[in-house]
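Visitor: I am sharing structure00.txt, which consists of compact mmCIF, N, CA, C and O atoms:
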# COMPACT_ATOMS: atom_id res chain seq x y z
N MET A 1 102.78 93.16 68.65
CA MET A 1 102.77 91.82 69.19
C MET A 1 102.65 91.88 70.71
O MET A 1 103.40 92.59 71.37
N THR A 2 101.72 91.14 71.25
CA THR A 2 101.51 91.10 72.69
C THR A 2 102.44 90.08 73.33
O THR A 2 102.59 88.97 72.82
N ARG A 3 103.05 90.48 74.42
CA ARG A 3 103.92 89.54 75.13
C ARG A 3 103.08 88.56 75.92
O ARG A 3 102.07 88.94 76.53
N ALA A 4 103.51 87.33 75.95
CA ALA A 4 102.77 86.29 76.67
C ALA A 4 103.00 86.42 78.18
O ALA A 4 104.10 86.74 78.62
N ARG A 5 101.93 86.20 78.90
CA ARG A 5 102.05 86.20 80.36
C ARG A 5 102.60 84.83 80.78
O ARG A 5 102.27 83.81 80.19
N THR A 6 103.44 84.85 81.81
CA THR A 6 104.01 83.59 82.30
C THR A 6 103.78 83.48 83.80
O THR A 6 103.67 84.48 84.51
N LEU A 7 103.71 82.24 84.27
CA LEU A 7 103.56 82.01 85.70
C LEU A 7 104.79 82.49 86.47
O LEU A 7 104.68 82.99 87.59
N ALA A 8 105.95 82.35 85.87
CA ALA A 8 107.18 82.78 86.54
C ALA A 8 107.18 84.29 86.76
O ALA A 8 107.55 84.77 87.84
N LYS A 9 106.73 85.05 85.77
CA LYS A 9 106.68 86.50 85.91
C LYS A 9 105.63 86.89 86.95
O LYS A 9 105.85 87.79 87.77
N GLN A 10 104.51 86.21 86.95
CA GLN A 10 103.46 86.48 87.94
C GLN A 10 103.99 86.21 89.35
O GLN A 10 103.77 86.99 90.27
N GLU A 11 104.72 85.12 89.51
CA GLU A 11 105.32 84.77 90.80
C GLU A 11 106.31 85.85 91.23
O GLU A 11 106.36 86.24 92.40
N THR A 12 107.11 86.35 90.29
CA THR A 12 108.06 87.42 90.58
C THR A 12 107.34 88.66 91.10
O THR A 12 107.76 89.28 92.07
N ILE A 13 106.26 89.02 90.43
CA ILE A 13 105.48 90.19 90.84
C ILE A 13 104.88 89.98 92.22
O ILE A 13 104.95 90.87 93.09
N LEU A 14 104.29 88.82 92.46
CA LEU A 14 103.66 88.54 93.75
C LEU A 14 104.68 88.52 94.89
O LEU A 14 104.41 89.04 95.99
N ASP A 15 105.84 87.96 94.64
CA ASP A 15 106.88 87.95 95.67
C ASP A 15 107.36 89.36 95.98
O ASP A 15 107.56 89.72 97.14
N ALA A 16 107.54 90.17 94.94
CA ALA A 16 107.96 91.56 95.15
C ALA A 16 106.87 92.33 95.90
O ALA A 16 107.17 93.10 96.83
N ALA A 17 105.63 92.14 95.51
CA ALA A 17 104.53 92.83 96.18
C ALA A 17 104.46 92.42 97.65
O ALA A 17 104.21 93.26 98.52
N SER A 18 104.69 91.15 97.93
CA SER A 18 104.68 90.68 99.33
C SER A 18 105.73 91.42 100.15
O SER A 18 105.46 91.84 101.28
N ARG A 19 106.91 91.57 99.58
CA ARG A 19 107.97 92.27 100.31
C ARG A 19 107.62 93.74 100.54
O ARG A 19 107.79 94.27 101.65
N VAL A 20 107.10 94.40 99.52
CA VAL A 20 106.79 95.82 99.64
C VAL A 20 105.60 96.04 100.58
O VAL A 20 105.66 96.88 101.48
N PHE A 21 104.54 95.28 100.40
CA PHE A 21 103.36 95.44 101.26
C PHE A 21 103.65 95.08 102.72
O PHE A 21 102.99 95.57 103.62
N SER A 22 104.63 94.22 102.96
CA SER A 22 104.93 93.82 104.34
C SER A 22 105.61 94.93 105.13
O SER A 22 105.65 94.87 106.36
N HIS A 23 106.11 95.95 104.45
CA HIS A 23 106.81 97.03 105.15
C HIS A 23 105.97 98.29 105.33
O HIS A 23 106.33 99.14 106.15
N ARG A 24 104.89 98.43 104.56
CA ARG A 24 104.08 99.65 104.65
C ARG A 24 102.60 99.32 104.44
O ARG A 24 102.25 98.29 103.88
N GLU A 25 101.77 100.25 104.86
CA GLU A 25 100.33 100.11 104.67
C GLU A 25 99.97 100.15 103.18
O GLU A 25 100.68 100.77 102.38
N TYR A 26 98.86 99.54 102.85
CA TYR A 26 98.39 99.45 101.47
C TYR A 26 98.40 100.82 100.78
O TYR A 26 98.91 100.97 99.67
N HIS A 27 97.80 101.82 101.42
CA HIS A 27 97.66 103.13 100.80
C HIS A 27 98.99 103.87 100.63
O HIS A 27 99.06 104.85 99.89
N GLU A 28 100.04 103.40 101.29
CA GLU A 28 101.35 104.05 101.17
C GLU A 28 102.21 103.45 100.05
O GLU A 28 103.24 104.01 99.69
N VAL A 29 101.77 102.32 99.51
CA VAL A 29 102.55 101.61 98.49
C VAL A 29 102.14 102.06 97.10
O VAL A 29 100.96 102.16 96.78
N LEU A 30 103.14 102.34 96.27
CA LEU A 30 102.91 102.68 94.87
C LEU A 30 103.27 101.48 94.00
O LEU A 30 104.23 100.75 94.29
N THR A 31 102.52 101.30 92.92
CA THR A 31 102.83 100.18 92.03
C THR A 31 104.22 100.33 91.41
O THR A 31 104.86 99.34 91.08
N GLU A 32 104.68 101.57 91.29
CA GLU A 32 106.03 101.80 90.78
C GLU A 32 107.08 101.13 91.68
O GLU A 32 108.08 100.60 91.20
N GLU A 33 106.83 101.17 92.98
CA GLU A 33 107.77 100.56 93.93
C GLU A 33 107.78 99.04 93.78
O GLU A 33 108.84 98.41 93.87
N ILE A 34 106.61 98.48 93.57
CA ILE A 34 106.53 97.03 93.37
C ILE A 34 107.23 96.64 92.08
O ILE A 34 107.99 95.66 92.05
N ALA A 35 107.00 97.41 91.04
CA ALA A 35 107.66 97.13 89.75
C ALA A 35 109.18 97.20 89.90
O ALA A 35 109.90 96.33 89.39
N GLU A 36 109.65 98.21 90.60
CA GLU A 36 111.10 98.35 90.81
C GLU A 36 111.65 97.16 91.60
O GLU A 36 112.68 96.59 91.24
N GLU A 37 110.93 96.76 92.64
CA GLU A 37 111.35 95.61 93.46
C GLU A 37 111.39 94.33 92.62
O GLU A 37 112.26 93.48 92.82
N ALA A 38 110.46 94.21 91.67
CA ALA A 38 110.39 93.02 90.82
C ALA A 38 111.34 93.09 89.62
O ALA A 38 111.54 92.10 88.92
N GLY A 39 111.90 94.27 89.38
CA GLY A 39 112.79 94.43 88.23
C GLY A 39 112.06 94.46 86.90
O GLY A 39 112.58 93.98 85.89
N ILE A 40 110.85 95.02 86.91
CA ILE A 40 110.03 95.08 85.70
C ILE A 40 109.50 96.50 85.52
O ILE A 40 109.62 97.33 86.42
N GLY A 41 108.87 96.76 84.40
CA GLY A 41 108.20 98.03 84.19
C GLY A 41 106.82 98.03 84.84
O GLY A 41 106.20 96.97 84.99
N LYS A 42 106.35 99.20 85.20
CA LYS A 42 105.05 99.33 85.86
C LYS A 42 103.93 98.73 85.01
O LYS A 42 103.02 98.09 85.53
N GLY A 43 104.01 98.92 83.71
CA GLY A 43 102.97 98.40 82.81
C GLY A 43 102.84 96.90 82.86
O GLY A 43 101.75 96.35 82.64
N THR A 44 103.92 96.21 83.16
CA THR A 44 103.89 94.75 83.24
C THR A 44 102.95 94.30 84.35
O THR A 44 102.25 93.30 84.21
N ILE A 45 102.93 95.03 85.45
CA ILE A 45 102.02 94.68 86.56
C ILE A 45 100.59 94.64 86.05
O ILE A 45 99.82 93.74 86.38
N TYR A 46 100.22 95.62 85.23
CA TYR A 46 98.85 95.74 84.76
C TYR A 46 98.49 94.73 83.66
O TYR A 46 97.32 94.60 83.31
N ARG A 47 99.46 94.02 83.16
CA ARG A 47 99.14 92.90 82.26
C ARG A 47 98.70 91.69 83.07
O ARG A 47 98.02 90.82 82.55
N TYR A 48 99.10 91.65 84.33
CA TYR A 48 98.77 90.52 85.19
C TYR A 48 97.65 90.81 86.18
O TYR A 48 96.96 89.89 86.61
N PHE A 49 97.49 92.06 86.55
CA PHE A 49 96.52 92.44 87.57
C PHE A 49 95.76 93.68 87.11
O PHE A 49 96.35 94.59 86.53
N LEU A 50 94.46 93.71 87.40
CA LEU A 50 93.62 94.82 86.94
C LEU A 50 94.01 96.15 87.56
O LEU A 50 93.99 97.18 86.89
N ASN A 51 94.36 96.13 88.84
CA ASN A 51 94.70 97.35 89.57
C ASN A 51 95.45 96.98 90.85
O ASN A 51 95.69 95.79 91.10
N LYS A 52 95.80 97.96 91.64
CA LYS A 52 96.56 97.70 92.86
C LYS A 52 95.77 96.84 93.84
O LYS A 52 96.33 95.96 94.49
N GLU A 53 94.47 97.07 93.93
CA GLU A 53 93.63 96.27 94.84
C GLU A 53 93.64 94.80 94.43
O GLU A 53 93.75 93.91 95.28
N ASP A 54 93.53 94.53 93.14
CA ASP A 54 93.58 93.17 92.63
C ASP A 54 94.94 92.52 92.95
O ASP A 54 95.00 91.37 93.38
N LEU A 55 96.01 93.28 92.78
CA LEU A 55 97.35 92.79 93.11
C LEU A 55 97.47 92.50 94.60
O LEU A 55 98.01 91.47 94.99
N TYR A 56 96.95 93.39 95.43
CA TYR A 56 97.02 93.20 96.89
C TYR A 56 96.29 91.93 97.29
O TYR A 56 96.83 91.11 98.06
N PHE A 57 95.08 91.74 96.78
CA PHE A 57 94.32 90.53 97.10
C PHE A 57 95.06 89.28 96.62
O PHE A 57 95.17 88.29 97.36
N ALA A 58 95.60 89.32 95.40
CA ALA A 58 96.34 88.18 94.87
C ALA A 58 97.58 87.89 95.71
O ALA A 58 97.96 86.73 95.90
N THR A 59 98.19 88.93 96.25
CA THR A 59 99.37 88.77 97.10
C THR A 59 99.01 88.05 98.39
O THR A 59 99.74 87.16 98.84
N ILE A 60 97.87 88.39 98.96
CA ILE A 60 97.41 87.72 100.18
C ILE A 60 97.11 86.25 99.89
O ILE A 60 97.55 85.36 100.63
N VAL A 61 96.38 85.99 98.82
CA VAL A 61 96.06 84.61 98.44
C VAL A 61 97.34 83.82 98.17
O VAL A 61 97.49 82.67 98.61
N HIS A 62 98.27 84.43 97.49
CA HIS A 62 99.56 83.79 97.18
C HIS A 62 100.30 83.41 98.47
O HIS A 62 100.86 82.31 98.58
N GLY A 63 100.26 84.30 99.45
CA GLY A 63 100.89 84.01 100.74
C GLY A 63 100.25 82.81 101.43
O GLY A 63 100.94 81.95 101.97
N PHE A 64 98.92 82.75 101.40
CA PHE A 64 98.22 81.61 102.00
C PHE A 64 98.52 80.32 101.26
O PHE A 64 98.66 79.26 101.87
N GLU A 65 98.63 80.39 99.93
CA GLU A 65 98.95 79.20 99.14
C GLU A 65 100.35 78.68 99.50
O GLU A 65 100.56 77.47 99.63
N LYS A 66 101.31 79.59 99.66
CA LYS A 66 102.66 79.18 100.04
C LYS A 66 102.67 78.56 101.43
O LYS A 66 103.33 77.54 101.67
N LEU A 67 101.92 79.16 102.35
CA LEU A 67 101.81 78.61 103.70
C LEU A 67 101.19 77.22 103.66
O LEU A 67 101.68 76.29 104.31
N HIS A 68 100.14 77.06 102.88
CA HIS A 68 99.48 75.76 102.74
C HIS A 68 100.45 74.71 102.21
O HIS A 68 100.51 73.58 102.72
N ASP A 69 101.21 75.07 101.19
CA ASP A 69 102.18 74.12 100.61
C ASP A 69 103.25 73.73 101.63
O ASP A 69 103.60 72.56 101.76
N ARG A 70 103.77 74.71 102.35
CA ARG A 70 104.81 74.42 103.35
C ARG A 70 104.28 73.53 104.46
O ARG A 70 104.95 72.59 104.90
N LEU A 71 103.09 73.85 104.93
CA LEU A 71 102.49 73.02 105.98
C LEU A 71 102.24 71.61 105.48
O LEU A 71 102.48 70.64 106.19
N GLY A 72 101.74 71.49 104.26
CA GLY A 72 101.49 70.17 103.68
C GLY A 72 102.74 69.32 103.61
O GLY A 72 102.73 68.14 103.97
N ARG A 73 103.84 69.93 103.18
CA ARG A 73 105.11 69.19 103.10
C ARG A 73 105.59 68.80 104.50
O ARG A 73 106.05 67.68 104.72
N SER A 74 105.48 69.71 105.44
CA SER A 74 105.95 69.42 106.81
C SER A 74 105.07 68.37 107.48
O SER A 74 105.58 67.47 108.14
N LEU A 75 103.77 68.48 107.30
CA LEU A 75 102.87 67.56 107.97
C LEU A 75 102.94 66.15 107.39
O LEU A 75 102.71 65.18 108.11
N SER A 76 103.28 66.03 106.13
CA SER A 76 103.37 64.71 105.51
C SER A 76 104.50 63.88 106.12
O SER A 76 104.49 62.65 106.03
N ARG A 77 105.45 64.54 106.75
CA ARG A 77 106.57 63.83 107.38
C ARG A 77 106.28 63.48 108.84
O ARG A 77 107.11 62.85 109.49
N ARG A 78 105.14 63.89 109.35
CA ARG A 78 104.78 63.63 110.75
C ARG A 78 103.69 62.56 110.78
O ARG A 78 102.71 62.65 110.06
N SER A 79 103.88 61.56 111.64
CA SER A 79 102.91 60.46 111.66
C SER A 79 101.83 60.63 112.74
O SER A 79 100.68 60.28 112.52
N SER A 80 102.17 61.16 113.85
CA SER A 80 101.19 61.25 114.94
C SER A 80 100.45 62.58 114.92
O SER A 80 101.02 63.60 114.51
N PRO A 81 99.21 62.59 115.37
CA PRO A 81 98.47 63.85 115.46
C PRO A 81 99.18 64.88 116.35
O PRO A 81 99.18 66.06 116.03
N ALA A 82 99.81 64.43 117.42
CA ALA A 82 100.53 65.36 118.31
C ALA A 82 101.69 66.02 117.59
O ALA A 82 101.91 67.22 117.71
N ALA A 83 102.43 65.24 116.80
CA ALA A 83 103.57 65.80 116.06
C ALA A 83 103.08 66.77 114.99
O ALA A 83 103.71 67.80 114.75
N ARG A 84 101.96 66.45 114.36
CA ARG A 84 101.41 67.36 113.35
C ARG A 84 100.96 68.66 113.98
O ARG A 84 101.21 69.74 113.44
N LEU A 85 100.31 68.58 115.10
CA LEU A 85 99.86 69.79 115.80
C LEU A 85 101.05 70.63 116.23
O LEU A 85 101.03 71.85 116.10
N GLU A 86 102.08 69.99 116.71
CA GLU A 86 103.30 70.71 117.12
C GLU A 86 103.93 71.43 115.92
O GLU A 86 104.40 72.54 116.03
N THR A 87 103.90 70.78 114.75
CA THR A 87 104.46 71.38 113.54
C THR A 87 103.68 72.64 113.14
O THR A 87 104.25 73.64 112.77
N ILE A 88 102.36 72.54 113.26
CA ILE A 88 101.53 73.69 112.91
C ILE A 88 101.82 74.84 113.85
O ILE A 88 101.97 75.96 113.48
Taking this structure as input, can you express it in the form of structure tokens?

Guide:
Amino acid sequence: MTRARTLAKQETILDAASRVFSHREYHEVLTEEIAEEAGIGKGTIYRYFLNKEDLYFATIVHGFEKLHDRLGRSLSRRSSPAARLETI
């Protein structure tokens, strides 16, 4: 029986990868370290991502998506263009 992939598990992996990749260069990071940081088995990473390069790219995109969401929430509370620019 194949385990179902979940968005929550993917988020866990991406958050763990962000932490690990932020401390070392890409070529120095092992997927085992990311799995350990996420509290999962190494094989679980490969159910969600084709390889380390795919995970790295997804981690970068995930970071930009989080930044976009945070900026969107902050900017929606600002009425003037000057206040929005200051927030950015």

Visitor: Which value, in Å to one decimal, gives the distance between atom CA of A:Leu30 and atom CA of A:Tyr56?

Guide: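 Result for atom CA of A:Leu30 versus atom CA of A:Tyr56: 11.3 Å, one decimal.
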
Visitor: With only N, CA, C and O atoms as the basis for distance, which of A:Ala16, A:Phe64, A:Tyr48, A:Ser22 is at the shortest distance from A:Ile34?

Guide: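 Checking each candidate against A:Ile34, we get A:Ala16 as the closest.
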
Visitor: With all atoms listed in the file as the counted atoms, please give the residues lying no more than 8 Å from stretch 17-19 of chain A, apart from itself and same-chain residues fewer than 2 positions off, as a list in words.

Guide: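 Neighbouring residues, sequence-local ones excluded: Gln10, Glu11, Thr12, Ile13, Leu14, Asp15, Phe21, Ser22, His23, Arg24, Glu33, Ile34, Ala35, Glu37, Ala38, Leu55, Tyr56, Thr59, Ile60 and Gly63 of chain A.
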
Visitor: Quick one, how far is atom CA of A:Ala83 from atom O of A:Leu71?

Guide: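 Separation of atom CA of A:Ala83 and atom O of A:Leu71: 11.0 Å.
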
Visitor: What is the distance, in Å and to one decimal place, between atom O of A:Arg5 and atom O of A:Arg47?

Guide: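 Taking atom O of A:Arg5 as the start and atom O of A:Arg47 as the end point, the length is 8.5 Å.
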
Visitor: Name the closest residue to A:Val29 among the candidates A:Ser76, A:Glu86, A:Val61, A:Glu53; distances are taken between atoms, counting only C-alpha atoms.

Guide: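 Among the listed residues, the smallest separation from A:Val29 belongs to A:Glu53.
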
Visitor: Run DSSP on the backbone and grab whatever in stretch 17-55 of chain A lands in alpha helix (DSSP H); send it over as a list in words.

Guide: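 After running DSSP on the backbone, stretch 17-55 of chain A has alpha helix (DSSP H) at Ala17, Ser18, Arg19, Val20, Phe21, Thr31, Glu32, Glu33, Ile34, Ala35, Glu36, Glu37, Ala38, Lys42, Gly43, Thr44, Ile45, Tyr46, Arg47, Tyr48, Lys52, Glu53, Asp54 and Leu55 of chain A.
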
Visitor: Given the choices A:Thr31, A:Ser80, A:Ser74, A:Thr6, which gets closest to A:Asn51 if the distance is worked out from only C-alpha atoms?

Guide: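 Of A:Thr31, A:Ser80, A:Ser74, A:Thr6, the one nearest A:Asn51 is A:Thr31, counting only C-alpha atoms.
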
Visitor: Taking into account only C-alpha atoms, which residue in the set A:His68, A:His27, A:Arg73, A:Lys9 is nearest to A:Phe49?

Guide: A:Lys9

Visitor: Generate the coordinates of all heavy atoms for stretch 27-38 of chain A; report them as a CSV table (one decimal), keeping the file's coordinate frame.

Guide:
chain,number,residue,atom,x,y,z
A,27,HIS,N,97.8,101.8,101.4
A,27,HIS,CA,97.7,103.1,100.8
A,27,HIS,C,99.0,103.9,100.6
A,27,HIS,O,99.1,104.8,99.9
A,27,HIS,CB,96.7,104.0,101.6
A,27,HIS,CG,97.1,104.3,103.0
A,27,HIS,ND1,97.0,103.5,104.0
A,27,HIS,CD2,97.8,105.4,103.5
A,27,HIS,CE1,97.5,104.0,105.1
A,27,HIS,NE2,98.0,105.2,104.8
A,28,GLU,N,100.0,103.4,101.3
A,28,GLU,CA,101.4,104.0,101.2
A,28,GLU,C,102.2,103.4,100.0
A,28,GLU,O,103.2,104.0,99.7
A,28,GLU,CB,102.1,103.9,102.5
A,28,GLU,CG,101.5,104.6,103.7
A,28,GLU,CD,102.2,104.3,105.0
A,28,GLU,OE1,103.0,103.4,105.1
A,28,GLU,OE2,101.9,105.1,105.9
A,29,VAL,N,101.8,102.3,99.5
A,29,VAL,CA,102.6,101.6,98.5
A,29,VAL,C,102.1,102.1,97.1
A,29,VAL,O,101.0,102.2,96.8
A,29,VAL,CB,102.3,100.1,98.6
A,29,VAL,CG1,103.0,99.3,97.5
A,29,VAL,CG2,102.9,99.6,100.0
A,30,LEU,N,103.1,102.3,96.3
A,30,LEU,CA,102.9,102.7,94.9
A,30,LEU,C,103.3,101.5,94.0
A,30,LEU,O,104.2,100.8,94.3
A,30,LEU,CB,103.8,103.9,94.5
A,30,LEU,CG,103.6,105.2,95.3
A,30,LEU,CD1,104.6,106.2,94.8
A,30,LEU,CD2,102.2,105.7,95.1
A,31,THR,N,102.5,101.3,92.9
A,31,THR,CA,102.8,100.2,92.0
A,31,THR,C,104.2,100.3,91.4
A,31,THR,O,104.9,99.3,91.1
A,31,THR,CB,101.8,100.0,90.9
A,31,THR,OG1,101.6,101.3,90.2
A,31,THR,CG2,100.4,99.6,91.5
A,32,GLU,N,104.7,101.6,91.3
A,32,GLU,CA,106.0,101.8,90.8
A,32,GLU,C,107.1,101.1,91.7
A,32,GLU,O,108.1,100.6,91.2
A,32,GLU,CB,106.3,103.3,90.7
A,32,GLU,CG,105.6,104.0,89.6
A,32,GLU,CD,104.2,104.6,90.1
A,32,GLU,OE1,103.8,104.2,91.2
A,32,GLU,OE2,103.6,105.3,89.3
A,33,GLU,N,106.8,101.2,93.0
A,33,GLU,CA,107.8,100.6,93.9
A,33,GLU,C,107.8,99.0,93.8
A,33,GLU,O,108.8,98.4,93.9
A,33,GLU,CB,107.4,100.9,95.4
A,33,GLU,CG,107.5,102.4,95.7
A,33,GLU,CD,106.8,102.8,97.0
A,33,GLU,OE1,105.6,102.6,97.1
A,33,GLU,OE2,107.6,103.2,97.9
A,34,ILE,N,106.6,98.5,93.6
A,34,ILE,CA,106.5,97.0,93.4
A,34,ILE,C,107.2,96.6,92.1
A,34,ILE,O,108.0,95.7,92.0
A,34,ILE,CB,105.1,96.6,93.4
A,34,ILE,CG1,104.5,96.8,94.8
A,34,ILE,CG2,105.0,95.1,93.0
A,34,ILE,CD1,103.0,96.7,94.8
A,35,ALA,N,107.0,97.4,91.0
A,35,ALA,CA,107.7,97.1,89.8
A,35,ALA,C,109.2,97.2,89.9
A,35,ALA,O,109.9,96.3,89.4
A,35,ALA,CB,107.2,98.1,88.7
A,36,GLU,N,109.6,98.2,90.6
A,36,GLU,CA,111.1,98.4,90.8
A,36,GLU,C,111.6,97.2,91.6
A,36,GLU,O,112.7,96.6,91.2
A,36,GLU,CB,111.4,99.6,91.6
A,36,GLU,CG,112.9,99.9,91.7
A,36,GLU,CD,113.1,101.2,92.4
A,36,GLU,OE1,112.4,102.2,92.2
A,36,GLU,OE2,114.1,101.3,93.2
A,37,GLU,N,110.9,96.8,92.6
A,37,GLU,CA,111.4,95.6,93.5
A,37,GLU,C,111.4,94.3,92.6
A,37,GLU,O,112.3,93.5,92.8
A,37,GLU,CB,110.4,95.4,94.6
A,37,GLU,CG,110.7,94.3,95.5
A,37,GLU,CD,111.9,94.5,96.4
A,37,GLU,OE1,112.3,95.6,96.7
A,37,GLU,OE2,112.4,93.4,96.9
A,38,ALA,N,110.5,94.2,91.7
A,38,ALA,CA,110.4,93.0,90.8
A,38,ALA,C,111.3,93.1,89.6
A,38,ALA,O,111.5,92.1,88.9
A,38,ALA,CB,109.0,92.8,90.3
